[in-house]
Amino acid sequence: MSQPQPGFSAEQQDYLVNVLTRLNLHRAFQGRDGSDAAPETVHGTPLEDLCKEELAKHELHPLDMWRQLEQWEAEGHLAAGLDQFLLRHLGFFNVEPNSPGYMMRLRMPANILRGEQMRVLGDIAEHYAGGYSHVTTRGSLQLREIQPGSVIPIIEALQEVGLTAQGTGADSARNLTASPTAGFDPVELIDLKGYAKRLSTRILHTRELQGIPRKFNVSFDNAGSISCVSDTNDIGFLAIDVQENDAGVPPGIWCRIHLGGITGHKDFARDTGLVCRPEETVDVAEAILRVFVEHGNRTNRGNARLKYLLDGKGFDWFCARTQEKLDSFGTGVTLTPLSPVHDAPRPAINRQGHIGVHPQKQAGLNYVGVALELGRMSPEQMRGLGRIAQRLGTNDIRLTVWQNPLIAGVADADVETVCAEIEALGLTTRANAFAAGAVACTGKWGCKLAAAYTKQDATALVRHLESRFTLDQPINIHFTGCANSCAQHYIGDIGLAGAAAPDGGEGYMIVVGGGSDGDQGLARPLCGPVAADAVPELLEHVMAEYLRLRAPGQSFLDFTRSLDDDALRALLPPAAAAAAA
């Protein structure tokens with residue numbers, strides 16, 4: 001006769017308790033008076049210790065708020081406070097009083113749209129929003145001035161063409177970026193866009209991966225000609241070509257894993273020393289997200305990003321927990337240690353490859369980069385670009401982190417026609433160095449956190465500089481409205497962050513010499529705070545000094561990095577230099 005089997009092991013009991021607690025089923029096993037119940041927690045954090053946002057998510061998961069949204073819409077109610085915090089998980093942000101109503105941010109993994117989707121977005125912008133859109137610094141689209149009562153119609157209109165805004169705000173894994181030329185870049189190592197799409201789908205269909213401890217950014221870098229600034233993300237998967245080595249790793253295309261990028265907090269993503277196969281990136285990303293969900297800080301939002309978990313626990317601890325999660329999936333994925341000395345050099349980045357006509361790796365086809373003024377498009381321009389992509393391209397539009405669209409698959413014979421039709425929309429495929437490299441967050445005009453009107457000030461600066469100089473080298477100018485640095489001012493050749501001016505008005509702190517990818521480095525302080533209306537003439541002086549003093553052909557980045565702090569301040573007008581000393 002067989003012997004009775006023993007009960008659950010201690011490890012099995014712990015596992016079951018954890019599962020029941022996460023599903024809130026543990027309450028069924030508590031006494032009626034609750035006297036035998038352990039304090040309720042969220043992944044080990046007692047409810048009384050949660051910050052107010054975490055408590056709000058615990059009481060109403062963002063995926064469970066649809067009935068509440070229907071009521072708000074029927075009443076014409078504009079969500080505020082913690083209600084609007086929860087609504088941000090669905091992609092709609094109350095931005096009053098800076099801008100009327102809601103802002104909506106689109107989820108478009110790998111930064112891809114079809115032509116008909118762009119046309120519908122133009123209609124939505126015209127009929128339900130403020131009559132314009134902005135390309136964001138994560139290669140997505142934002143619509144603004146959306147009134148209560150229009151949220152559900154917009155969600156339904158997006159669904160009809162296979163789009164969503166879910167998971168683009170608050171504590172979500174935000175829009176997953178990929179190299180904008182993925183699939184047609186002549187120098188790319190591999191096309192990774194499919195993995196970005198698959199990961200986005202998995203996240204949206206996994207309850208535990210929404211309403212996470214804090215915002216989370218993921219990027220897939222194909223090692224192509226246009227940067228997607230993967231080193232500024234919480235996770236960066238960087239395609240590498242592994243050479244013959246003595247580490248036992250088969251040569252070929254792998255993805256190197258970088259973690260913890262958050263340049264607003266002065267940290268780039270750091271190499272873990274681990275690689276995985278491209279087809280393993282989705283499982284690896286899920287495992288990383290699950291470790292973050294279980295161990296991220298839920299008491300202090302200022303320390304809740306992945307960087308702070310890595311700082312507190314260390315990379316070795318975090319990567320070990322990630323491997324444990326991978327093992328639990330049962331897919332056989334193993335993180336592989338490999339020094340970057342075994343990586344072949346990355347193909348060069350073309351810093352102006354996002355503007356103008358460029359050949360694709362498919363013979364006879366080209367992509368056309370459209371220059372926008374800091375990301376803005378009208379509904380007619382959106383519809384027009386969609387029609388062009390459908391008729392004269394391969395119905396493939398990409399948005400870049402440099403706030404502009406690319407139209408892919410244009411035949412050699414159609415390039416002239418495409419450029420002419422773009423010009424007829426009031427747009428262009430040409431831009432000088434200042435305009436091509438200028439990016440700006442929404443700023444005070446549409447964001448409660450901003451201290452400066454970034455888009456307006458960036459436009460004024462670009463027009464001022466381009467009227468006085470012609471550069472033979474690319475230059476990136478990043479305007480951001482606050483310390484959150486959505487426009488990543490620390491990686492700009494010139495970075496400007498909104499701050500109170502000496503007289504209490506609008507102003508900027510100015511930094512120089514930042515870069516990403518092969519030029520990685522945080523910008524150094526130049527001066528500030530400087531009144532916003534004084535910035536154009538101040539930077540005109542700096543630019544004139546650069547052109548006067550540089551070596552032949554020397555870029556602004558290399559020039560500023562060659563100077564010590566005193567020499568850097570000497571580029572300023574005398575009064576500003578004295579104030580910065």
# chains A, B, ... in the order shown; residues from 1 in each chain; ligands from 1
$ select_by_dssp --residues "region 72-156 of chain A" --states "strand (DSSP E or B)" --output "list of chain:residue names"
A:Phe92, A:Phe93, A:Asn94, A:Tyr102, A:Met103, A:Met104, A:Arg105, A:Arg107, A:Ile112, A:Leu113, A:Ser133, A:His134, A:Val135, A:Leu141, A:Gln142, A:Leu143, A:Arg144, A:Glu145, A:Ile146
$ residues_around --residues "Arg119 (chain A)" --least-positions-apart "6" --cutoff "10 Å" --atoms "only C-alpha atoms" --output "list of chain:residue names"
A:Ala125, A:Pro379, A:Glu380, A:Gln381, A:Met382, A:Arg383, A:Gly384, A:Leu385, A:Gly386, A:Arg387
$ select_by_dssp --residues "region 72-166 of chain A" --states "helix (DSSP H, G or I)" --output "PyMOL selection string"
chain A and resi 72-75+81-88+109-111+115-127+151-160
$ closest_residue --among "A:Glu208, A:Asp283, A:Asp231, A:Glu545" --to "Ala567 (chain A)" --atoms "only C-alpha atoms"
A:Glu545
$ residues_around --residues "region 345-353 of chain A" --least-positions-apart "4" --cutoff "10 Å" --atoms "only C-alpha atoms" --output "PyMOL selection string"
chain A and resi 181+187-189+222-227+238-242+340-341+357-358+367-369+402+431-433+436-437+473-476+517-518
$ residues_around --residues "Leu158 (chain A)" --least-positions-apart "5" --cutoff "9 Å" --atoms "only C-alpha atoms" --output "number ranges by chain"
A: 117, 120-121, 124, 153, 163-165
$ closest_residue --among "A:Ile112, A:Ile407, A:Ala497, A:Val439" --to "Gly481 (chain A)" --atoms "only C-alpha atoms"
A:Ala497
